[in-house]
file run09.cif (mmCIF, N, CA and C atoms)
data_data
loop_
_atom_site.label_atom_id
_atom_site.label_comp_id
_atom_site.auth_asym_id
_atom_site.auth_seq_id
_atom_site.Cartn_x
_atom_site.Cartn_y
_atom_site.Cartn_z
N MET A 10 -8.41 16.35 -25.78
CA MET A 10 -9.73 16.31 -26.37
C MET A 10 -10.01 17.58 -27.16
N GLY A 11 -9.46 18.68 -26.74
CA GLY A 11 -9.73 19.96 -27.38
C GLY A 11 -9.29 20.03 -28.82
N HIS A 12 -8.29 19.26 -29.21
CA HIS A 12 -7.76 19.34 -30.56
C HIS A 12 -8.72 18.79 -31.61
N TRP A 13 -9.38 17.71 -31.32
CA TRP A 13 -10.22 17.08 -32.34
C TRP A 13 -11.68 17.47 -32.27
N ARG A 14 -12.09 18.21 -31.25
CA ARG A 14 -13.52 18.55 -31.14
C ARG A 14 -13.99 19.43 -32.28
N ALA A 15 -13.11 20.27 -32.82
CA ALA A 15 -13.50 21.13 -33.94
C ALA A 15 -13.56 20.34 -35.25
N ILE A 16 -12.78 19.30 -35.34
CA ILE A 16 -12.72 18.50 -36.57
C ILE A 16 -13.81 17.42 -36.58
N GLU A 17 -14.15 16.89 -35.43
CA GLU A 17 -15.15 15.82 -35.30
C GLU A 17 -16.29 16.29 -34.39
N PRO A 18 -17.10 17.27 -34.84
CA PRO A 18 -18.10 17.84 -33.92
C PRO A 18 -19.15 16.84 -33.44
N GLU A 19 -19.53 15.87 -34.27
CA GLU A 19 -20.55 14.91 -33.82
C GLU A 19 -20.02 14.03 -32.70
N VAL A 20 -18.77 13.58 -32.87
CA VAL A 20 -18.14 12.76 -31.82
C VAL A 20 -18.00 13.58 -30.56
N TRP A 21 -17.53 14.83 -30.70
CA TRP A 21 -17.35 15.70 -29.55
C TRP A 21 -18.66 15.91 -28.81
N GLN A 22 -19.76 16.16 -29.52
CA GLN A 22 -21.05 16.39 -28.87
C GLN A 22 -21.52 15.15 -28.11
N ARG A 23 -21.33 13.97 -28.69
CA ARG A 23 -21.72 12.72 -28.02
C ARG A 23 -20.89 12.52 -26.75
N VAL A 24 -19.57 12.71 -26.86
CA VAL A 24 -18.70 12.56 -25.71
C VAL A 24 -19.06 13.59 -24.64
N ARG A 25 -19.27 14.83 -25.07
CA ARG A 25 -19.57 15.90 -24.11
C ARG A 25 -20.88 15.64 -23.37
N SER A 26 -21.90 15.18 -24.07
CA SER A 26 -23.18 14.93 -23.40
C SER A 26 -23.05 13.78 -22.41
N ASN A 27 -22.30 12.75 -22.77
CA ASN A 27 -22.06 11.64 -21.83
C ASN A 27 -21.27 12.12 -20.62
N ILE A 28 -20.23 12.91 -20.88
CA ILE A 28 -19.39 13.38 -19.79
C ILE A 28 -20.15 14.30 -18.85
N GLN A 29 -21.02 15.16 -19.38
CA GLN A 29 -21.75 16.09 -18.52
C GLN A 29 -22.60 15.35 -17.50
N MET A 30 -23.29 14.30 -17.92
CA MET A 30 -24.08 13.50 -16.98
C MET A 30 -23.16 12.88 -15.93
N LEU A 31 -22.00 12.39 -16.36
CA LEU A 31 -21.06 11.77 -15.44
C LEU A 31 -20.50 12.78 -14.45
N VAL A 32 -20.20 13.98 -14.94
CA VAL A 32 -19.67 15.03 -14.08
C VAL A 32 -20.70 15.40 -13.00
N ASP A 33 -21.96 15.51 -13.39
CA ASP A 33 -23.01 15.85 -12.42
C ASP A 33 -23.10 14.80 -11.31
N ILE A 34 -23.11 13.53 -11.70
CA ILE A 34 -23.19 12.44 -10.71
C ILE A 34 -21.92 12.42 -9.86
N ARG A 35 -20.77 12.54 -10.51
CA ARG A 35 -19.49 12.52 -9.79
C ARG A 35 -19.44 13.64 -8.76
N ASN A 36 -19.82 14.84 -9.15
CA ASN A 36 -19.78 15.97 -8.22
C ASN A 36 -20.73 15.77 -7.06
N CYS A 37 -21.88 15.23 -7.36
CA CYS A 37 -22.86 14.96 -6.30
C CYS A 37 -22.28 13.95 -5.30
N LEU A 38 -21.69 12.88 -5.81
CA LEU A 38 -21.12 11.86 -4.92
C LEU A 38 -19.88 12.37 -4.19
N ALA A 39 -19.01 13.09 -4.89
CA ALA A 39 -17.75 13.53 -4.30
C ALA A 39 -17.94 14.64 -3.27
N HIS A 40 -18.91 15.51 -3.51
CA HIS A 40 -19.05 16.69 -2.66
C HIS A 40 -20.27 16.69 -1.76
N GLY A 41 -21.21 15.77 -2.01
CA GLY A 41 -22.44 15.84 -1.23
C GLY A 41 -22.92 14.55 -0.62
N LEU A 42 -22.16 13.47 -0.74
CA LEU A 42 -22.60 12.19 -0.21
C LEU A 42 -22.86 12.30 1.28
N CYS A 43 -24.06 11.94 1.70
CA CYS A 43 -24.40 12.06 3.12
C CYS A 43 -25.12 10.84 3.68
N GLY A 44 -25.39 9.84 2.84
CA GLY A 44 -26.05 8.65 3.37
C GLY A 44 -26.20 7.58 2.32
N ALA A 45 -26.58 6.41 2.79
CA ALA A 45 -26.81 5.27 1.90
C ALA A 45 -27.80 4.32 2.58
N LYS A 46 -28.51 3.57 1.75
CA LYS A 46 -29.44 2.58 2.29
C LYS A 46 -29.44 1.36 1.39
N ALA A 47 -29.28 0.21 2.01
CA ALA A 47 -29.30 -1.05 1.28
C ALA A 47 -29.85 -2.14 2.20
N ASP A 48 -31.13 -2.08 2.44
CA ASP A 48 -31.80 -3.05 3.31
C ASP A 48 -32.56 -4.04 2.45
N PRO A 49 -32.08 -5.27 2.32
CA PRO A 49 -32.75 -6.24 1.46
C PRO A 49 -34.16 -6.60 1.92
N ARG A 50 -34.48 -6.38 3.18
CA ARG A 50 -35.81 -6.70 3.69
C ARG A 50 -36.85 -5.64 3.33
N SER A 51 -36.38 -4.45 2.95
CA SER A 51 -37.33 -3.36 2.69
C SER A 51 -37.98 -3.46 1.32
N GLY A 52 -37.32 -4.13 0.39
CA GLY A 52 -37.85 -4.19 -0.97
C GLY A 52 -37.48 -2.96 -1.79
N ASP A 53 -36.87 -1.96 -1.16
CA ASP A 53 -36.44 -0.76 -1.87
C ASP A 53 -35.11 -1.02 -2.56
N GLU A 54 -34.91 -0.35 -3.68
CA GLU A 54 -33.64 -0.46 -4.38
C GLU A 54 -32.56 0.25 -3.54
N PRO A 55 -31.37 -0.36 -3.41
CA PRO A 55 -30.29 0.33 -2.71
C PRO A 55 -30.01 1.68 -3.34
N HIS A 56 -29.65 2.65 -2.52
CA HIS A 56 -29.39 3.99 -3.04
C HIS A 56 -28.46 4.76 -2.11
N VAL A 57 -27.92 5.85 -2.63
CA VAL A 57 -27.15 6.80 -1.83
C VAL A 57 -27.91 8.11 -1.83
N VAL A 58 -27.64 8.91 -0.83
CA VAL A 58 -28.27 10.22 -0.70
C VAL A 58 -27.16 11.26 -0.70
N CYS A 59 -27.34 12.29 -1.52
CA CYS A 59 -26.37 13.38 -1.61
C CYS A 59 -27.06 14.70 -1.32
N ARG A 60 -26.33 15.61 -0.68
CA ARG A 60 -26.80 16.98 -0.49
C ARG A 60 -26.46 17.77 -1.74
N THR A 61 -27.38 18.57 -2.20
CA THR A 61 -27.14 19.45 -3.34
C THR A 61 -27.51 20.87 -2.94
N ALA A 62 -27.27 21.80 -3.82
CA ALA A 62 -27.61 23.20 -3.55
C ALA A 62 -29.11 23.39 -3.38
N THR A 63 -29.90 22.48 -3.95
CA THR A 63 -31.35 22.63 -3.90
C THR A 63 -32.03 21.64 -2.95
N GLY A 64 -31.25 20.88 -2.19
CA GLY A 64 -31.84 19.91 -1.27
C GLY A 64 -31.08 18.61 -1.28
N GLN A 65 -31.81 17.51 -1.38
CA GLN A 65 -31.19 16.19 -1.42
C GLN A 65 -31.47 15.51 -2.75
N ARG A 66 -30.55 14.66 -3.14
CA ARG A 66 -30.71 13.86 -4.35
C ARG A 66 -30.48 12.41 -4.00
N VAL A 67 -31.41 11.56 -4.40
CA VAL A 67 -31.28 10.12 -4.20
C VAL A 67 -30.81 9.53 -5.52
N ILE A 68 -29.74 8.74 -5.44
CA ILE A 68 -29.21 8.08 -6.63
C ILE A 68 -29.31 6.59 -6.38
N LYS A 69 -30.17 5.93 -7.16
CA LYS A 69 -30.40 4.50 -6.99
C LYS A 69 -29.29 3.68 -7.62
N MET A 70 -29.18 2.45 -7.17
CA MET A 70 -28.15 1.54 -7.68
C MET A 70 -28.24 1.40 -9.19
N SER A 71 -29.45 1.32 -9.73
CA SER A 71 -29.60 1.17 -11.18
C SER A 71 -29.05 2.39 -11.92
N GLU A 72 -29.19 3.59 -11.32
CA GLU A 72 -28.63 4.79 -11.95
C GLU A 72 -27.10 4.75 -11.89
N LEU A 73 -26.55 4.29 -10.77
CA LEU A 73 -25.10 4.16 -10.68
C LEU A 73 -24.57 3.16 -11.70
N GLU A 74 -25.30 2.09 -11.94
CA GLU A 74 -24.90 1.13 -12.97
C GLU A 74 -24.95 1.76 -14.36
N SER A 75 -25.96 2.58 -14.61
CA SER A 75 -26.05 3.29 -15.90
C SER A 75 -24.89 4.27 -16.07
N VAL A 76 -24.51 4.93 -14.98
CA VAL A 76 -23.38 5.86 -15.01
C VAL A 76 -22.09 5.09 -15.34
N ALA A 77 -21.92 3.93 -14.73
CA ALA A 77 -20.74 3.12 -15.02
C ALA A 77 -20.70 2.72 -16.49
N ASP A 78 -21.85 2.35 -17.04
CA ASP A 78 -21.92 2.01 -18.48
C ASP A 78 -21.59 3.22 -19.35
N ALA A 79 -22.14 4.40 -18.99
CA ALA A 79 -21.89 5.62 -19.76
C ALA A 79 -20.42 6.02 -19.68
N LEU A 80 -19.80 5.81 -18.52
CA LEU A 80 -18.38 6.09 -18.37
C LEU A 80 -17.56 5.22 -19.31
N HIS A 81 -17.92 3.97 -19.40
CA HIS A 81 -17.24 3.04 -20.31
C HIS A 81 -17.38 3.50 -21.76
N VAL A 82 -18.58 3.90 -22.16
CA VAL A 82 -18.82 4.38 -23.52
C VAL A 82 -18.02 5.65 -23.79
N ALA A 83 -18.03 6.59 -22.85
CA ALA A 83 -17.28 7.85 -23.03
C ALA A 83 -15.79 7.57 -23.14
N ARG A 84 -15.29 6.69 -22.31
CA ARG A 84 -13.87 6.34 -22.37
C ARG A 84 -13.52 5.74 -23.72
N ASN A 85 -14.37 4.85 -24.21
CA ASN A 85 -14.12 4.24 -25.52
C ASN A 85 -14.21 5.26 -26.65
N ASP A 86 -15.17 6.18 -26.56
CA ASP A 86 -15.29 7.22 -27.58
C ASP A 86 -14.02 8.06 -27.66
N VAL A 87 -13.48 8.41 -26.50
CA VAL A 87 -12.26 9.21 -26.48
C VAL A 87 -11.08 8.36 -26.95
N ARG A 88 -10.98 7.16 -26.46
CA ARG A 88 -9.88 6.27 -26.85
C ARG A 88 -9.89 5.99 -28.34
N ASP A 89 -11.07 5.78 -28.91
CA ASP A 89 -11.17 5.41 -30.32
C ASP A 89 -11.29 6.60 -31.25
N SER A 90 -11.17 7.82 -30.70
CA SER A 90 -11.27 9.00 -31.55
C SER A 90 -10.09 9.01 -32.52
N PRO A 91 -10.30 9.57 -33.69
CA PRO A 91 -9.24 9.53 -34.71
C PRO A 91 -8.13 10.54 -34.49
N PHE A 92 -8.26 11.41 -33.50
CA PHE A 92 -7.28 12.47 -33.30
C PHE A 92 -6.70 12.41 -31.90
N ASP A 93 -5.49 12.94 -31.74
CA ASP A 93 -4.80 12.98 -30.44
C ASP A 93 -4.72 11.60 -29.82
N ASN A 94 -4.51 10.57 -30.62
CA ASN A 94 -4.55 9.21 -30.13
C ASN A 94 -3.49 8.37 -30.82
N PRO A 95 -2.22 8.63 -30.59
CA PRO A 95 -1.18 7.92 -31.31
C PRO A 95 -1.16 6.43 -31.04
N GLY A 96 -1.57 5.98 -29.87
CA GLY A 96 -1.50 4.56 -29.58
C GLY A 96 -2.84 3.84 -29.59
N GLY A 97 -3.92 4.55 -29.92
CA GLY A 97 -5.26 3.95 -29.84
C GLY A 97 -5.66 3.26 -31.12
N LYS A 98 -6.91 2.82 -31.15
CA LYS A 98 -7.43 2.08 -32.30
C LYS A 98 -7.97 2.98 -33.38
N GLY A 99 -8.14 4.27 -33.10
CA GLY A 99 -8.73 5.18 -34.07
C GLY A 99 -7.81 5.43 -35.26
N ARG A 100 -8.35 6.12 -36.25
CA ARG A 100 -7.57 6.46 -37.44
C ARG A 100 -6.46 7.42 -37.07
N ALA A 101 -5.39 7.34 -37.78
CA ALA A 101 -4.28 8.28 -37.58
C ALA A 101 -4.65 9.63 -38.15
N ALA A 102 -4.16 10.68 -37.54
CA ALA A 102 -4.45 12.05 -38.03
C ALA A 102 -3.69 12.35 -39.27
#
call {"tool": "encode", "arguments": {"input": "run09.cif", "output": "structure tokens"}}
result
Amino acid sequence: MGHWRAIEPEVWQRVRSNIQMLVDIRNCLAHGLCGAKADPRSGDEPHVVCRTATGQRVIKMSELESVADALHVARNDVRDSPFDNPGGKGRAA
């Protein structure tokens, strides 16, 4: 990724902003997961609870679905980038 970020700054910024949100969620889940709740009788949206440096963070199912969508977009942005991608759909360098 480092090779084309200087040549395609707009693409790099979009990918980086998507990835940063994903990294934050990933780190929270990987390093701080401490609970989950999915009770259909409660009417509450299913969620997980993570410990963070500042307390607890609740991540709802809808947010996890948004993260999955953003991951797909980021993956496609990198895959379709015109540089460092000899086998992808992007333009050849």
call {"tool": "residues_around", "arguments": {"input": "run09.cif", "residues": "A:Leu80", "least_positions_apart": "5", "cutoff": "8 Å", "atoms": "all atoms listed in the file", "output": "PyMOL selection string"}}
result
chain A and resi 27-28+31+74-75+85-86
call {"tool": "write_last_selection", "arguments": {"input": "run09.cif", "atoms": "N, CA and C atoms", "output": "compact mmCIF listing (two decimals), in the frame of the given file"}}
result
# COMPACT_ATOMS: atom_id res chain seq x y z
N ASN A 27 -22.30 12.75 -22.77
CA ASN A 27 -22.06 11.64 -21.83
C ASN A 27 -21.27 12.12 -20.62
N ILE A 28 -20.23 12.91 -20.88
CA ILE A 28 -19.39 13.38 -19.79
C ILE A 28 -20.15 14.30 -18.85
N LEU A 31 -22.00 12.39 -16.36
CA LEU A 31 -21.06 11.77 -15.44
C LEU A 31 -20.50 12.78 -14.45
N GLU A 74 -25.30 2.09 -11.94
CA GLU A 74 -24.90 1.13 -12.97
C GLU A 74 -24.95 1.76 -14.36
N SER A 75 -25.96 2.58 -14.61
CA SER A 75 -26.05 3.29 -15.90
C SER A 75 -24.89 4.27 -16.07
N ASN A 85 -14.37 4.85 -24.21
CA ASN A 85 -14.12 4.24 -25.52
C ASN A 85 -14.21 5.26 -26.65
N ASP A 86 -15.17 6.18 -26.56
CA ASP A 86 -15.29 7.22 -27.58
C ASP A 86 -14.02 8.06 -27.66
call {"tool": "closest_atom_pairs", "arguments": {"input": "run09.cif", "of": "stretch 62-92 of chain A", "to": "stretch 34-58 of chain A", "cutoff": "10 Å", "atoms": "only C-alpha atoms", "output": "JSON lines"}}
result
{"residue": "A:Ala62", "atom": "CA", "partner": "A:Gly41", "partner_atom": "CA", "distance": 9.3}
{"residue": "A:Gln65", "atom": "CA", "partner": "A:Val58", "partner_atom": "CA", "distance": 6.7}
{"residue": "A:Arg66", "atom": "CA", "partner": "A:Val58", "partner_atom": "CA", "distance": 5.7}
{"residue": "A:Val67", "atom": "CA", "partner": "A:Val58", "partner_atom": "CA", "distance": 4.6}
{"residue": "A:Ile68", "atom": "CA", "partner": "A:Val57", "partner_atom": "CA", "distance": 5.4}
{"residue": "A:Lys69", "atom": "CA", "partner": "A:His56", "partner_atom": "CA", "distance": 4.1}
{"residue": "A:Met70", "atom": "CA", "partner": "A:His56", "partner_atom": "CA", "distance": 5.4}
{"residue": "A:Ser71", "atom": "CA", "partner": "A:Glu54", "partner_atom": "CA", "distance": 8.1}
{"residue": "A:Glu72", "atom": "CA", "partner": "A:His56", "partner_atom": "CA", "distance": 9.0}
{"residue": "A:Leu73", "atom": "CA", "partner": "A:Ile34", "partner_atom": "CA", "distance": 8.5}
{"residue": "A:Val76", "atom": "CA", "partner": "A:Ile34", "partner_atom": "CA", "distance": 7.9}
call {"tool": "atom_distance", "arguments": {"input": "run09.cif", "atom1": "atom CA of A:Val32", "atom2": "atom N of A:Glu19"}}
result
20.2 Å
call {"tool": "select_by_dssp", "arguments": {"input": "run09.cif", "residues": "stretch 25-81 of chain A", "states": "strand (DSSP E or B)", "output": "count of residues only"}}
result
17
call {"tool": "atom_distance", "arguments": {"input": "run09.cif", "atom1": "atom CA of A:Val82", "atom2": "atom N of A:Glu17"}}
result
17.9 Å
call {"tool": "atom_distance", "arguments": {"input": "run09.cif", "atom1": "atom N of A:Ala79", "atom2": "atom CA of A:Met30"}}
result
9.5 Å
call {"tool": "select_by_dssp", "arguments": {"input": "run09.cif", "residues": "stretch 35-99 of chain A", "states": "helix (DSSP H, G or I)", "output": "list in words"}}
result
Arg35, Asn36, Cys37, Leu38, Ala39, His40, Gly41, Met70, Ser71, Glu72, Leu73, Glu74, Ser75, Val76, Ala77, Asp78, Ala79, Leu80, His81, Val82, Ala83, Arg84, Asn85, Asp86, Val87 and Arg88 of chain A
call {"tool": "write_last_selection", "arguments": {"input": "run09.cif", "atoms": "N, CA and C atoms", "output": "PDB file, in the coordinates of the input"}}
result
ATOM      1  N   ARG A  35     -20.770  12.540 -10.510  1.00  0.00           N
ATOM      2  CA  ARG A  35     -19.490  12.520  -9.790  1.00  0.00           C
ATOM      3  C   ARG A  35     -19.440  13.640  -8.760  1.00  0.00           C
ATOM      4  N   ASN A  36     -19.820  14.840  -9.150  1.00  0.00           N
ATOM      5  CA  ASN A  36     -19.780  15.970  -8.220  1.00  0.00           C
ATOM      6  C   ASN A  36     -20.730  15.770  -7.060  1.00  0.00           C
ATOM      7  N   CYS A  37     -21.880  15.230  -7.360  1.00  0.00           N
ATOM      8  CA  CYS A  37     -22.860  14.960  -6.300  1.00  0.00           C
ATOM      9  C   CYS A  37     -22.280  13.950  -5.300  1.00  0.00           C
ATOM     10  N   LEU A  38     -21.690  12.880  -5.810  1.00  0.00           N
ATOM     11  CA  LEU A  38     -21.120  11.860  -4.920  1.00  0.00           C
ATOM     12  C   LEU A  38     -19.880  12.370  -4.190  1.00  0.00           C
ATOM     13  N   ALA A  39     -19.010  13.090  -4.890  1.00  0.00           N
ATOM     14  CA  ALA A  39     -17.750  13.530  -4.300  1.00  0.00           C
ATOM     15  C   ALA A  39     -17.940  14.640  -3.270  1.00  0.00           C
ATOM     16  N   HIS A  40     -18.910  15.510  -3.510  1.00  0.00           N
ATOM     17  CA  HIS A  40     -19.050  16.690  -2.660  1.00  0.00           C
ATOM     18  C   HIS A  40     -20.270  16.690  -1.760  1.00  0.00           C
ATOM     19  N   GLY A  41     -21.210  15.770  -2.010  1.00  0.00           N
ATOM     20  CA  GLY A  41     -22.440  15.840  -1.230  1.00  0.00           C
ATOM     21  C   GLY A  41     -22.920  14.550  -0.620  1.00  0.00           C
ATOM     22  N   MET A  70     -29.180   2.450  -7.170  1.00  0.00           N
ATOM     23  CA  MET A  70     -28.150   1.540  -7.680  1.00  0.00           C
ATOM     24  C   MET A  70     -28.240   1.400  -9.190  1.00  0.00           C
ATOM     25  N   SER A  71     -29.450   1.320  -9.730  1.00  0.00           N
ATOM     26  CA  SER A  71     -29.600   1.170 -11.180  1.00  0.00           C
ATOM     27  C   SER A  71     -29.050   2.390 -11.920  1.00  0.00           C
ATOM     28  N   GLU A  72     -29.190   3.590 -11.320  1.00  0.00           N
ATOM     29  CA  GLU A  72     -28.630   4.790 -11.950  1.00  0.00           C
ATOM     30  C   GLU A  72     -27.100   4.750 -11.890  1.00  0.00           C
ATOM     31  N   LEU A  73     -26.550   4.290 -10.770  1.00  0.00           N
ATOM     32  CA  LEU A  73     -25.100   4.160 -10.680  1.00  0.00           C
ATOM     33  C   LEU A  73     -24.570   3.160 -11.700  1.00  0.00           C
ATOM     34  N   GLU A  74     -25.300   2.090 -11.940  1.00  0.00           N
ATOM     35  CA  GLU A  74     -24.900   1.130 -12.970  1.00  0.00           C
ATOM     36  C   GLU A  74     -24.950   1.760 -14.360  1.00  0.00           C
ATOM     37  N   SER A  75     -25.960   2.580 -14.610  1.00  0.00           N
ATOM     38  CA  SER A  75     -26.050   3.290 -15.900  1.00  0.00           C
ATOM     39  C   SER A  75     -24.890   4.270 -16.070  1.00  0.00           C
ATOM     40  N   VAL A  76     -24.510   4.930 -14.980  1.00  0.00           N
ATOM     41  CA  VAL A  76     -23.380   5.860 -15.010  1.00  0.00           C
ATOM     42  C   VAL A  76     -22.090   5.090 -15.340  1.00  0.00           C
ATOM     43  N   ALA A  77     -21.920   3.930 -14.730  1.00  0.00           N
ATOM     44  CA  ALA A  77     -20.740   3.120 -15.020  1.00  0.00           C
ATOM     45  C   ALA A  77     -20.700   2.720 -16.490  1.00  0.00           C
ATOM     46  N   ASP A  78     -21.850   2.350 -17.040  1.00  0.00           N
ATOM     47  CA  ASP A  78     -21.920   2.010 -18.480  1.00  0.00           C
ATOM     48  C   ASP A  78     -21.590   3.220 -19.350  1.00  0.00           C
ATOM     49  N   ALA A  79     -22.140   4.400 -18.990  1.00  0.00           N
ATOM     50  CA  ALA A  79     -21.890   5.620 -19.760  1.00  0.00           C
ATOM     51  C   ALA A  79     -20.420   6.020 -19.680  1.00  0.00           C
ATOM     52  N   LEU A  80     -19.800   5.810 -18.520  1.00  0.00           N
ATOM     53  CA  LEU A  80     -18.380   6.090 -18.370  1.00  0.00           C
ATOM     54  C   LEU A  80     -17.560   5.220 -19.310  1.00  0.00           C
ATOM     55  N   HIS A  81     -17.920   3.970 -19.400  1.00  0.00           N
ATOM     56  CA  HIS A  81     -17.240   3.040 -20.310  1.00  0.00           C
ATOM     57  C   HIS A  81     -17.380   3.500 -21.760  1.00  0.00           C
ATOM     58  N   VAL A  82     -18.580   3.900 -22.160  1.00  0.00           N
ATOM     59  CA  VAL A  82     -18.820   4.380 -23.520  1.00  0.00           C
ATOM     60  C   VAL A  82     -18.020   5.650 -23.790  1.00  0.00           C
ATOM     61  N   ALA A  83     -18.030   6.590 -22.850  1.00  0.00           N
ATOM     62  CA  ALA A  83     -17.280   7.850 -23.030  1.00  0.00           C
ATOM     63  C   ALA A  83     -15.790   7.570 -23.140  1.00  0.00           C
ATOM     64  N   ARG A  84     -15.290   6.690 -22.310  1.00  0.00           N
ATOM     65  CA  ARG A  84     -13.870   6.340 -22.370  1.00  0.00           C
ATOM     66  C   ARG A  84     -13.520   5.740 -23.720  1.00  0.00           C
ATOM     67  N   ASN A  85     -14.370   4.850 -24.210  1.00  0.00           N
ATOM     68  CA  ASN A  85     -14.120   4.240 -25.520  1.00  0.00           C
ATOM     69  C   ASN A  85     -14.210   5.260 -26.650  1.00  0.00           C
ATOM     70  N   ASP A  86     -15.170   6.180 -26.560  1.00  0.00           N
ATOM     71  CA  ASP A  86     -15.290   7.220 -27.580  1.00  0.00           C
ATOM     72  C   ASP A  86     -14.020   8.060 -27.660  1.00  0.00           C
ATOM     73  N   VAL A  87     -13.480   8.410 -26.500  1.00  0.00           N
ATOM     74  CA  VAL A  87     -12.260   9.210 -26.480  1.00  0.00           C
ATOM     75  C   VAL A  87     -11.080   8.360 -26.950  1.00  0.00           C
ATOM     76  N   ARG A  88     -10.980   7.160 -26.460  1.00  0.00           N
ATOM     77  CA  ARG A  88      -9.880   6.270 -26.850  1.00  0.00           C
ATOM     78  C   ARG A  88      -9.890   5.990 -28.340  1.00  0.00           C
TER      79      ARG A  88
END
